[in-house]
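What's in input.csv: CSV, C-alpha atoms
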```
chain,number,residue,atom,x,y,z
A,28,MET,CA,0.0,0.0,0.0
A,29,LYS,CA,2.9,2.4,0.8
A,30,ARG,CA,4.6,1.6,-2.4
A,31,LEU,CA,1.4,2.2,-4.3
A,32,LEU,CA,1.0,5.6,-2.6
A,33,GLN,CA,4.6,6.5,-3.4
A,34,THR,CA,4.0,5.6,-7.1
A,35,PHE,CA,0.9,7.7,-7.2
A,36,LEU,CA,2.7,10.7,-5.7
A,37,ILE,CA,5.6,10.3,-8.2
A,38,VAL,CA,3.3,10.0,-11.2
A,39,GLY,CA,0.8,12.6,-9.9
A,40,SER,CA,3.6,15.2,-9.3
A,41,SER,CA,5.1,14.8,-12.7
A,42,ARG,CA,5.5,18.1,-14.6
A,43,ALA,CA,4.8,16.1,-17.8
A,44,ILE,CA,1.1,15.6,-17.1
A,45,ALA,CA,-0.1,19.1,-18.1
A,46,PRO,CA,1.8,19.1,-21.5
A,47,VAL,CA,0.7,15.6,-22.3
A,48,VAL,CA,-3.0,16.3,-21.5
A,49,ILE,CA,-2.9,19.7,-23.4
A,50,GLY,CA,-1.2,18.0,-26.4
A,51,LEU,CA,-3.8,15.2,-26.4
A,52,PHE,CA,-6.6,17.7,-26.5
A,53,PHE,CA,-4.8,19.6,-29.2
A,54,LEU,CA,-4.6,16.5,-31.3
A,55,PHE,CA,-8.4,16.0,-30.8
A,56,TYR,CA,-8.9,19.6,-31.9
A,57,ILE,CA,-6.9,19.0,-35.1
A,58,GLY,CA,-8.9,15.9,-35.9
A,59,ILE,CA,-12.2,17.5,-35.3
A,60,ALA,CA,-11.2,20.5,-37.5
A,61,PHE,CA,-11.3,18.2,-40.6
A,62,PHE,CA,-15.0,17.6,-40.1
A,63,THR,CA,-16.5,20.9,-38.8
A,64,ASP,CA,-15.8,24.6,-38.8
A,65,GLU,CA,-17.0,24.9,-35.2
A,66,THR,CA,-14.1,22.9,-33.9
A,67,LEU,CA,-13.9,24.3,-30.4
A,68,ILE,CA,-17.7,24.0,-29.8
A,69,ALA,CA,-17.6,20.4,-31.0
A,70,LEU,CA,-14.6,19.5,-28.8
A,71,MET,CA,-16.4,21.0,-25.8
A,72,ALA,CA,-19.5,19.0,-26.7
A,73,PHE,CA,-17.5,15.7,-27.0
A,74,THR,CA,-15.8,16.4,-23.6
A,75,ARG,CA,-19.1,17.1,-22.0
A,76,LYS,CA,-20.5,13.8,-23.2
A,77,SER,CA,-17.4,11.7,-22.6
A,78,ILE,CA,-16.5,10.6,-19.1
A,79,ILE,CA,-13.0,9.5,-20.3
A,80,LEU,CA,-12.2,13.0,-21.8
A,81,ALA,CA,-13.4,14.7,-18.7
A,82,ALA,CA,-11.3,12.4,-16.5
A,83,ILE,CA,-8.2,13.1,-18.7
A,84,LEU,CA,-8.8,16.9,-18.3
A,85,SER,CA,-9.2,16.5,-14.6
A,86,LEU,CA,-5.7,15.0,-14.4
A,87,ILE,CA,-4.2,18.6,-14.6
A,88,PRO,CA,-5.9,20.0,-11.4
A,89,LEU,CA,-5.3,16.7,-9.6
A,90,SER,CA,-1.6,16.9,-10.5
A,91,CYS,CA,-1.4,20.5,-9.3
A,92,GLY,CA,-3.0,19.4,-6.0
A,93,VAL,CA,-0.4,16.6,-5.5
A,94,ARG,CA,2.5,19.0,-6.4
A,95,ILE,CA,1.2,21.5,-3.9
A,96,LEU,CA,1.2,18.8,-1.2
A,97,GLN,CA,4.6,17.5,-2.2
A,98,GLU,CA,6.3,20.9,-2.4
A,99,THR,CA,4.8,21.9,1.0
A,100,VAL,CA,6.2,18.8,2.6
A,101,VAL,CA,9.6,19.3,1.0
A,102,PHE,CA,9.6,23.0,2.1
A,103,MET,CA,8.7,22.2,5.7
A,104,LYS,CA,11.4,19.5,5.8
A,105,ARG,CA,14.0,21.9,4.5
A,106,ARG,CA,13.1,24.5,7.0
A,107,ARG,CA,13.4,21.9,9.8
A,108,SER,CA,16.9,20.9,8.5
A,109,LEU,CA,18.1,24.5,8.4
A,110,SER,CA,16.9,25.1,11.9
A,111,GLY,CA,19.1,22.2,13.1
A,112,LYS,CA,16.6,19.5,13.5
A,113,SER,CA,17.1,16.0,12.2
A,114,VAL,CA,15.4,15.2,8.8
A,115,ASP,CA,15.1,12.0,6.8
A,116,SER,CA,16.3,11.9,3.2
A,117,LEU,CA,18.4,15.0,3.6
A,118,PRO,CA,20.1,14.8,0.1
A,119,GLU,CA,16.7,14.8,-1.6
A,120,LEU,CA,16.0,18.3,-0.3
A,121,PHE,CA,19.0,19.9,-1.9
A,122,ASP,CA,20.5,20.2,-5.4
A,123,GLU,CA,24.0,19.0,-4.4
A,124,THR,CA,25.4,17.0,-1.6
A,125,VAL,CA,29.0,16.3,-0.9
A,126,GLU,CA,30.5,14.2,1.9
A,127,LEU,CA,34.1,14.9,3.1
A,128,PRO,CA,36.0,12.9,5.8
A,129,VAL,CA,37.1,15.7,8.0
A,130,SER,CA,36.8,16.7,11.6
A,131,PRO,CA,34.3,19.5,12.4
A,132,PHE,CA,35.5,23.1,12.7
A,133,MET,CA,32.4,25.3,12.6
A,134,SER,CA,33.7,28.7,13.7
A,135,GLU,CA,36.0,29.3,10.8
A,136,LEU,CA,33.3,28.2,8.3
A,137,GLU,CA,30.7,30.3,9.9
A,138,GLY,CA,32.9,33.4,9.8
A,139,ARG,CA,33.6,32.8,6.1
A,140,LEU,CA,29.9,32.6,5.2
A,141,ILE,CA,29.0,35.6,7.2
A,142,GLY,CA,31.8,37.5,5.4
A,143,VAL,CA,30.1,36.9,2.0
A,144,GLY,CA,26.7,38.0,3.1
A,145,TYR,CA,25.0,34.8,4.3
A,146,LYS,CA,23.0,34.6,7.5
A,147,THR,CA,23.9,31.6,9.6
A,148,ARG,CA,22.5,29.4,12.4
A,149,ARG,CA,24.5,26.9,14.4
A,150,SER,CA,23.3,24.0,16.4
A,151,LEU,CA,25.1,21.2,18.1
A,152,ASN,CA,26.1,19.4,14.9
A,153,THR,CA,24.9,21.5,12.0
A,154,LEU,CA,25.7,24.9,10.4
A,155,ALA,CA,23.1,26.4,8.2
A,156,ALA,CA,23.6,29.4,5.9
A,157,TRP,CA,21.2,31.2,3.7
A,158,ARG,CA,20.5,34.5,2.0
A,159,GLY,CA,17.6,35.9,-0.1
A,160,ILE,CA,13.9,35.2,-0.1
A,161,SER,CA,12.3,31.8,-0.9
A,162,LEU,CA,10.2,31.5,-4.1
A,163,PHE,CA,8.0,29.0,-2.3
A,164,PRO,CA,5.0,31.4,-1.9
A,165,ALA,CA,5.1,32.3,-5.6
A,166,ARG,CA,5.3,28.6,-6.6
A,167,MET,CA,2.3,27.8,-4.4
A,168,LEU,CA,0.4,30.7,-6.0
A,169,PHE,CA,1.3,29.5,-9.5
A,170,LEU,CA,0.2,26.0,-8.8
A,171,THR,CA,-3.0,27.2,-7.1
A,172,ALA,CA,-3.7,29.4,-10.1
A,173,THR,CA,-3.1,26.5,-12.5
A,174,CYS,CA,-5.4,24.3,-10.4
A,175,CYS,CA,-8.1,26.9,-10.4
A,176,LEU,CA,-7.7,27.5,-14.2
A,177,PHE,CA,-8.1,23.9,-15.3
A,178,THR,CA,-10.8,23.2,-12.6
A,179,GLY,CA,-12.7,26.2,-14.0
A,180,ILE,CA,-12.3,24.9,-17.6
A,181,LEU,CA,-13.4,21.4,-16.5
A,182,ILE,CA,-16.5,22.8,-14.8
A,183,SER,CA,-17.3,25.1,-17.8
A,184,VAL,CA,-16.9,22.3,-20.3
A,185,THR,CA,-19.0,19.7,-18.4
A,186,SER,CA,-21.7,21.8,-16.9
A,187,ARG,CA,-22.1,25.1,-18.9
A,188,THR,CA,-25.6,26.1,-19.9
A,189,SER,CA,-26.6,28.8,-22.4
A,190,ASP,CA,-30.0,30.4,-23.0
A,191,ARG,CA,-30.5,33.3,-25.4
A,192,ARG,CA,-33.5,35.6,-24.8
A,193,MET,CA,-34.8,39.0,-25.6
A,194,VAL,CA,-34.7,41.7,-22.9
A,195,ILE,CA,-37.3,44.3,-23.6
A,196,GLU,CA,-37.9,47.7,-22.0
A,197,GLY,CA,-40.9,47.6,-19.7
A,198,GLU,CA,-41.0,43.8,-19.6
A,199,SER,CA,-39.9,41.4,-16.9
A,200,MET,CA,-36.3,40.2,-17.1
A,201,PRO,CA,-36.6,36.8,-18.8
A,202,MET,CA,-34.5,34.8,-16.5
A,203,PRO,CA,-34.2,31.0,-17.2
A,204,ASP,CA,-35.6,30.2,-13.8
A,205,GLY,CA,-38.7,32.4,-14.4
A,206,THR,CA,-37.7,35.1,-11.8
A,207,GLY,CA,-36.4,38.6,-12.4
A,208,GLY,CA,-37.3,42.2,-11.9
A,209,THR,CA,-38.7,44.6,-14.5
A,210,VAL,CA,-36.5,46.1,-17.2
A,211,GLU,CA,-36.9,49.8,-16.5
A,212,ARG,CA,-34.6,51.2,-19.2
A,213,ILE,CA,-32.1,50.2,-21.9
A,214,THR,CA,-29.6,52.9,-22.8
A,215,LEU,CA,-26.8,53.3,-25.3
A,216,ALA,CA,-24.4,56.1,-24.7
A,217,ASN,CA,-20.9,57.3,-25.7
A,218,SER,CA,-18.2,55.8,-23.5
A,219,SER,CA,-15.6,57.8,-21.7
A,220,GLY,CA,-13.3,54.7,-21.6
A,221,SER,CA,-10.3,54.0,-23.8
A,222,ILE,CA,-11.5,50.6,-25.1
A,223,LEU,CA,-15.3,50.7,-25.8
A,224,ALA,CA,-16.7,53.5,-28.0
A,225,LYS,CA,-20.2,52.9,-26.6
A,226,THR,CA,-21.7,51.6,-23.3
A,227,LEU,CA,-24.9,49.6,-23.3
A,228,THR,CA,-26.7,49.3,-20.0
A,229,MET,CA,-29.8,47.6,-18.8
A,230,GLU,CA,-31.4,48.9,-15.6
A,231,ILE,CA,-33.5,46.2,-13.7
A,232,ALA,CA,-35.9,47.2,-11.0
A,233,PRO,CA,-36.0,44.9,-8.0
A,234,SER,CA,-38.4,42.0,-8.0
A,235,ASN,CA,-39.0,42.5,-4.3
A,236,SER,CA,-38.3,45.1,-1.7
A,237,GLY,CA,-35.3,43.1,-0.4
A,238,GLN,CA,-33.3,43.7,-3.5
A,239,GLY,CA,-31.7,46.8,-5.0
A,240,LYS,CA,-31.7,48.0,-8.5
A,241,LYS,CA,-29.4,46.1,-10.9
A,242,THR,CA,-27.4,47.6,-13.8
A,243,PHE,CA,-25.9,45.4,-16.5
A,244,GLY,CA,-23.3,46.5,-19.0
A,245,LEU,CA,-21.3,44.9,-21.8
A,246,TYR,CA,-18.3,44.0,-19.6
A,247,PRO,CA,-17.6,42.5,-17.2
A,248,PRO,CA,-20.7,40.2,-17.2
A,249,ALA,CA,-22.7,40.4,-14.0
A,250,LEU,CA,-24.1,37.5,-12.1
A,251,TYR,CA,-27.9,37.7,-11.7
A,252,GLY,CA,-30.3,35.0,-10.6
A,253,GLY,CA,-27.7,32.3,-10.9
A,254,SER,CA,-26.7,33.2,-14.5
A,255,PHE,CA,-24.1,35.5,-16.1
A,256,VAL,CA,-25.8,38.2,-18.2
A,257,TYR,CA,-24.1,38.8,-21.6
A,258,PRO,CA,-25.8,41.5,-23.8
A,259,ARG,CA,-25.2,40.6,-27.4
A,260,TYR,CA,-27.3,42.5,-30.1
A,261,LEU,CA,-29.4,45.6,-30.2
A,262,GLY,CA,-33.0,45.4,-31.6
A,263,LEU,CA,-36.5,46.8,-31.5
A,264,ALA,CA,-39.7,45.4,-30.0
A,265,VAL,CA,-42.6,46.7,-32.1
A,266,LEU,CA,-46.3,46.6,-31.9
A,267,LEU,CA,-47.3,46.6,-35.6
A,268,ARG,CA,-50.8,47.1,-37.0
A,269,PHE,CA,-51.5,46.7,-40.7
A,270,SER,CA,-54.7,46.9,-42.7
A,271,ALA,CA,-55.3,46.7,-46.5
A,272,PRO,CA,-58.4,47.0,-48.8
A,273,ASP,CA,-58.3,43.2,-49.6
A,274,LEU,CA,-57.7,42.1,-46.0
A,275,GLN,CA,-61.0,41.2,-44.3
A,276,ALA,CA,-59.5,42.0,-40.8
A,277,GLY,CA,-56.5,44.0,-39.9
A,278,TYR,CA,-53.3,42.4,-38.7
A,279,ASP,CA,-52.0,43.2,-35.2
A,280,THR,CA,-48.8,41.6,-33.8
A,281,HIS,CA,-45.9,42.1,-31.4
A,282,CYS,CA,-42.6,41.4,-33.2
A,283,SER,CA,-38.9,41.8,-32.6
A,284,LEU,CA,-36.7,43.5,-35.3
A,285,ASN,CA,-33.0,42.9,-35.8
A,286,THR,CA,-32.5,46.3,-37.4
A,287,TYR,CA,-29.1,47.4,-36.0
A,288,PRO,CA,-26.8,48.7,-37.3
A,289,PRO,CA,-28.8,51.3,-39.1
A,290,GLY,CA,-29.6,50.3,-42.7
A,291,LYS,CA,-30.0,46.6,-41.8
A,292,GLU,CA,-33.5,45.4,-42.8
A,293,ASP,CA,-35.8,43.0,-41.1
A,294,ASN,CA,-39.3,42.0,-42.3
A,295,VAL,CA,-42.7,41.0,-41.0
A,296,VAL,CA,-44.8,38.6,-43.0
A,297,ILE,CA,-48.6,39.0,-42.8
A,298,PRO,CA,-49.8,35.4,-42.5
A,299,GLY,CA,-52.5,34.2,-44.9
A,300,SER,CA,-51.8,37.1,-47.3
A,301,PRO,CA,-49.3,38.1,-50.0
A,302,TYR,CA,-48.2,41.1,-47.9
A,303,ARG,CA,-44.7,41.6,-46.4
A,304,ILE,CA,-43.4,44.7,-44.6
A,305,VAL,CA,-39.7,45.5,-44.6
A,306,LEU,CA,-38.5,47.8,-41.8
A,307,SER,CA,-35.2,49.4,-41.1
A,308,VAL,CA,-33.6,52.3,-39.2
A,309,PRO,CA,-32.4,55.0,-41.6
A,310,ILE,CA,-28.7,55.5,-42.1
A,311,PRO,CA,-27.7,58.9,-40.6
A,312,ALA,CA,-26.2,61.6,-42.6
A,313,ALA,CA,-22.4,61.9,-42.9
A,314,ASN,CA,-20.7,63.0,-39.7
A,315,SER,CA,-23.8,62.2,-37.7
A,316,GLU,CA,-24.0,59.8,-34.7
A,317,ARG,CA,-24.7,56.3,-36.1
A,318,TYR,CA,-26.8,55.2,-33.2
A,319,VAL,CA,-28.5,58.5,-32.4
A,320,SER,CA,-32.0,57.1,-32.8
A,321,TYR,CA,-31.3,54.3,-30.4
A,322,MET,CA,-29.5,56.5,-28.0
A,323,SER,CA,-32.2,59.2,-27.9
A,324,GLY,CA,-35.2,56.9,-28.1
A,325,LYS,CA,-36.7,59.0,-30.9
A,326,ILE,CA,-36.9,56.2,-33.4
A,327,ASN,CA,-38.1,56.7,-36.9
A,328,LEU,CA,-38.5,53.6,-39.1
A,329,LEU,CA,-38.3,53.3,-42.9
A,330,PHE,CA,-40.7,50.8,-44.4
A,331,LYS,CA,-41.6,49.1,-47.6
A,332,VAL,CA,-44.9,47.3,-48.2
A,333,LEU,CA,-44.6,44.4,-50.6
A,334,LYS,CA,-47.3,42.4,-52.2
A,335,GLY,CA,-45.6,39.3,-53.4
A,336,LYS,CA,-42.4,40.7,-55.0
A,337,GLU,CA,-43.9,44.0,-56.0
A,338,VAL,CA,-43.2,47.1,-53.8
A,339,LEU,CA,-46.5,48.8,-53.4
A,340,PHE,CA,-45.2,51.9,-51.6
A,341,SER,CA,-42.5,53.0,-49.1
A,342,GLY,CA,-42.1,55.7,-46.6
A,343,SER,CA,-41.2,56.3,-43.0
A,344,VAL,CA,-43.2,56.3,-39.8
A,345,PRO,CA,-42.1,57.5,-36.3
A,346,ALA,CA,-42.6,55.4,-33.1
A,347,GLY,CA,-46.1,55.9,-32.0
A,348,GLY,CA,-47.2,57.2,-35.4
A,349,GLU,CA,-49.0,55.8,-38.5
A,350,PHE,CA,-49.0,55.9,-42.3
A,351,MET,CA,-52.1,55.8,-44.5
A,352,ARG,CA,-52.4,55.6,-48.3
A,353,ASP,CA,-55.0,54.3,-50.7
A,354,GLY,CA,-56.8,52.3,-48.1
A,355,TYR,CA,-53.6,50.9,-46.6
A,356,ARG,CA,-52.7,51.7,-43.0
A,357,LEU,CA,-49.5,51.0,-41.2
A,358,ALA,CA,-49.2,51.9,-37.5
A,359,LEU,CA,-46.5,51.5,-34.9
A,360,PRO,CA,-48.2,52.4,-31.6
A,361,ASP,CA,-45.5,51.0,-29.5
A,362,VAL,CA,-41.7,50.7,-30.2
A,363,ARG,CA,-39.3,49.7,-27.5
A,364,ARG,CA,-35.6,49.0,-27.4
A,365,LEU,CA,-34.5,45.4,-26.8
A,366,VAL,CA,-31.2,43.6,-26.3
A,367,ILE,CA,-30.7,40.0,-27.4
A,368,THR,CA,-29.0,38.6,-24.3
A,369,ASP,CA,-27.3,35.3,-23.4
A,370,PHE,CA,-27.9,33.9,-19.9
A,371,ILE,CA,-25.0,31.7,-19.1
A,372,GLY,CA,-24.9,29.2,-16.3
A,373,ASP,CA,-21.2,28.7,-15.8
A,374,TYR,CA,-19.6,28.8,-12.4
A,375,GLY,CA,-16.3,27.7,-13.8
A,376,VAL,CA,-15.8,31.3,-15.0
A,377,LEU,CA,-15.4,32.4,-11.4
A,378,LEU,CA,-12.5,30.0,-11.0
A,379,ILE,CA,-10.9,31.2,-14.3
A,380,TRP,CA,-11.1,34.8,-13.2
A,381,ALA,CA,-9.6,33.9,-9.8
A,382,ALA,CA,-6.8,32.1,-11.6
A,383,GLY,CA,-6.0,35.2,-13.6
A,384,LEU,CA,-5.7,37.3,-10.5
A,385,ILE,CA,-3.6,34.6,-8.7
A,386,PHE,CA,-1.3,34.3,-11.8
A,387,ALA,CA,-0.8,38.1,-11.7
A,388,THR,CA,0.0,38.0,-8.0
A,389,ALA,CA,2.4,35.1,-8.5
A,390,VAL,CA,4.3,36.8,-11.3
A,391,SER,CA,4.5,40.1,-9.3
A,392,LEU,CA,6.1,38.1,-6.4
A,393,TRP,CA,8.3,35.8,-8.5
A,394,LEU,CA,9.9,38.3,-10.8
A,395,PRO,CA,11.5,40.7,-8.3
A,396,ILE,CA,12.5,37.9,-5.9
A,397,ARG,CA,14.1,35.9,-8.8
A,398,LEU,CA,16.0,38.9,-10.1
A,399,PHE,CA,17.1,40.7,-7.0
A,400,PHE,CA,16.7,38.4,-3.9
A,401,PRO,CA,17.1,34.8,-5.0
A,402,ARG,CA,17.2,32.2,-2.3
A,403,ARG,CA,20.5,30.4,-1.7
A,404,GLU,CA,21.0,27.8,1.0
A,405,MET,CA,23.7,25.6,2.5
A,406,LEU,CA,23.7,23.1,5.2
A,407,LEU,CA,26.8,21.5,6.7
A,408,SER,CA,26.0,18.5,8.9
A,409,PHE,CA,28.9,17.5,11.2
A,410,GLU,CA,29.4,13.9,12.3
A,411,PRO,CA,32.5,12.2,13.7
A,412,ASP,CA,35.2,12.4,11.1
A,413,LEU,CA,32.6,13.4,8.4
A,414,ILE,CA,31.0,16.6,7.1
A,415,ARG,CA,28.0,16.3,4.8
A,416,SER,CA,27.6,19.5,2.8
A,417,CYS,CA,24.3,20.3,1.0
A,418,SER,CA,23.5,23.2,-1.3
A,419,ARG,CA,20.6,24.6,-3.3
A,420,SER,CA,19.9,27.8,-5.2
A,421,GLU,CA,16.8,29.4,-6.8
A,422,GLY,CA,18.8,32.0,-8.7
A,423,ARG,CA,22.4,33.3,-9.2
A,424,ALA,CA,23.4,29.6,-9.2
A,425,ARG,CA,27.0,30.3,-10.4
A,426,THR,CA,27.7,32.8,-7.6
A,427,HIS,CA,26.3,30.5,-5.0
A,428,ALA,CA,28.1,27.5,-6.4
A,429,GLY,CA,31.4,29.4,-6.2
A,430,VAL,CA,30.8,30.2,-2.5
A,431,PHE,CA,29.8,26.5,-1.8
A,432,HIS,CA,32.8,25.1,-3.5
A,433,GLU,CA,35.1,27.6,-1.8
A,434,VAL,CA,33.7,26.3,1.5
A,435,LEU,CA,34.3,22.7,0.3
A,436,ASP,CA,37.9,23.6,-0.6
A,437,LEU,CA,38.3,25.1,2.9
A,438,VAL,CA,36.9,21.9,4.4
A,439,ASP,CA,39.1,19.7,2.2
A,440,ALA,CA,42.2,21.6,3.2
A,441,ARG,CA,41.5,20.8,6.9
A,442,LYS,CA,41.4,17.0,6.4
A,443,VAL,CA,42.7,15.1,9.3
```

Rewrite the structure from the file as structure tokens, please.
Amino acid sequence: MKRLLQTFLIVGSSRAIAPVVIGLFFLFYIGIAFFTDETLIALMAFTRKSIILAAILSLIPLSCGVRILQETVVFMKRRRSLSGKSVDSLPELFDETVELPVSPFMSELEGRLIGVGYKTRRSLNTLAAWRGISLFPARMLFLTATCCLFTGILISVTSRTSDRRMVIEGESMPMPDGTGGTVERITLANSSGSILAKTLTMEIAPSNSGQGKKTFGLYPPALYGGSFVYPRYLGLAVLLRFSAPDLQAGYDTHCSLNTYPPGKEDNVVIPGSPYRIVLSVPIPAANSERYVSYMSGKINLLFKVLKGKEVLFSGSVPAGGEFMRDGYRLALPDVRRLVITDFIGDYGVLLIWAAGLIFATAVSLWLPIRLFFPRREMLLSFEPDLIRSCSRSEGRARTHAGVFHEVLDLVDARKV
């Protein structure tokens, strides 16, 4: 059982696991690319349905967890050894170990190490020397971030849900679970930021007195009712009324129009008749604000009335207005702004965001320490007629090796 556990720890802590798993999924990606253009979506679908692929992907966070445990144990053992306490498998904790048959003489060695900038600690039979700051916290943060990243990817791939719905001014927020407040207002405005030219916001009134008003923008996506809210496309929700001389009854319908950007056309087919109405938002004049109608709410729609393929007439009608001609009547008593919105159930995103923050913290710690304060350690263990010298370095290895071998030369010169 102990041997099996050791084998698991050796395999699980291997640095090769992540490259092998990533390479395997990359090969799957290449293979799927021969059969579909939506390669990434197909690969996610296969992983979601396959227990084997999900298990393979889970090897990376599992390996990170084993490495965190292993490196913590090694770090604690090394600290114990430098404090003068007896530790098993001492050579495994350091990069280099040399044994010399010589009688102990700590005072001269300690003075030499202090003279080159090392801090020292003496005990009954050991002399420890070190300088710099350990990279252990940065390594732990890096491994934790890697674990969070691939755990988040695994959760996203295996449990992600997506539901696309229309959010309309004045209507209830169409949450997948059937709850949500009222959409008070949808606004599009010029952005003062350096990345986005426009800001799109949706203001949601609380569904009960215990909640406050919610505001959703383009980025970052907000979590509401258990789902992340991603606004996607602008549009119009229109109450359209149409009558014609050869229609026994007028036609009255609520419809959504995908008419943005300006100039893009959408149409409404009158069922049971040859009529079709094409609607669009007019393209503004040169040097005018492209989305001025959507931003101001003063929407004026261009239309064409078709009978079969023949255009009977065309014109424009403002929101809340009507157009009449030769017995034909087109009215738009209600026009509201809408946003096609994705409601994404994906809690893996939280771990992915957390991984990004932890990676940034790890790098901000690792870089200055590695460049300016690298950890360098030596441990000399004195036994009767024997000195065991151990050394390791996390940076400036040549400088540290020079000091270490100078100490060895000094020890070797005192052989008895």

Worksheet item: Hey, which of A:Gly290, A:Leu394, A:Thr178, A:Val143 ends up closest to Gly429 of chain A? Count all atoms listed in the file.
Response: A:Val143

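If all atoms listed in the file are the atoms counted, then among A:Leu263, A:Tyr321, A:Leu84, A:Thr147 the closest residue to Lys225 of chain A is A:Tyr321.
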
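The residue that comes closest to Met71 of chain A, out of A:Thr173, A:Ser183, A:Ser41, A:Ser300 and on the basis of only C-alpha atoms, is A:Ser183.
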
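Between atom CA of Leu365 of chain A and atom CA of Gly253 of chain A lies a distance of 21.7 Å.
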
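A straight line drawn from atom CA of Asp204 of chain A to atom CA of Leu250 of chain A is 13.7 Å long.
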
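Non-sequential neighbours of segment 402-414 of chain A (distance at most 8 Å, separation of 6 or more positions within a chain, all atoms listed in the file) are Ser108, Leu109, Glu126, Leu127, Pro128, Val129, Ser130, Pro131, Asn152, Thr153, Leu154, Ala155, Ala156, Trp157, Arg158, Gly159, Ile160, Ser161, Leu162, Ser420, Glu421, Gly422, His427 and Phe431 of chain A.
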
Practice prompt. Quick one: everything within 8 Å of segment 74-78 of chain A, counting only C-alpha atoms, minus sequence neighbours fewer than 3 positions away in the same chain. Send it as a VMD selection string.
Written response: chain A and resid 70 to 71 81 to 82 184 to 186

Practice prompt. Give the answer as one residue: which of A:Pro311, A:Met322, A:Val344, A:Gly138 has the shortest atom-to-atom distance to Thr228 of chain A, using only C-alpha atoms?
Written response: A:Met322

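Counting all atoms listed in the file, the residue from A:Gly179, A:Gly144, A:Pro298, A:Pro248 that sits nearest to Phe269 of chain A is A:Pro298.
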
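The closest residue to Ile304 of chain A, picked from A:Gly375, A:Gly50, A:Gly335, A:Gly252 and counting all atoms listed in the file, is A:Gly335.
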
Discussion item. Using Å and a single decimal, report how far atom CA of Val366 of chain A sits from atom CA of Pro289 of chain A.
Written reply: 15.1 Å

Discussion item. List as an NGL selection string the protein and nucleic acid residues near Gly299 of chain A, meaning an atom at most 12 Å away when only C-alpha atoms are counted, but skip any in the same chain fewer than 5 places from it.
Written reply: :A and (273-278)

Worksheet item: At most 8 Å from (-58.6, 49.5, -47.1), file frame, all atoms listed in the file: which residues, as an NGL selection string?
Response: :A and (270-274 or 353-356)

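When the distance limit is 12 Å and only C-alpha atoms are what count, the residues near Gly58 of chain A, minus those fewer than 5 positions from it on the same chain, are A:Leu51, A:Phe52, A:Phe53, A:Thr63, A:Asp64, A:Thr66, A:Leu67, A:Ala69, A:Leu70.
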
Discussion item. Just want the 9 Å neighbourhood of Thr368 of chain A, counted on all atoms listed in the file, with same-chain residues fewer than 5 positions away dropped. Output as a ChimeraX atom specification.
Written reply: /A:190-194,256-260
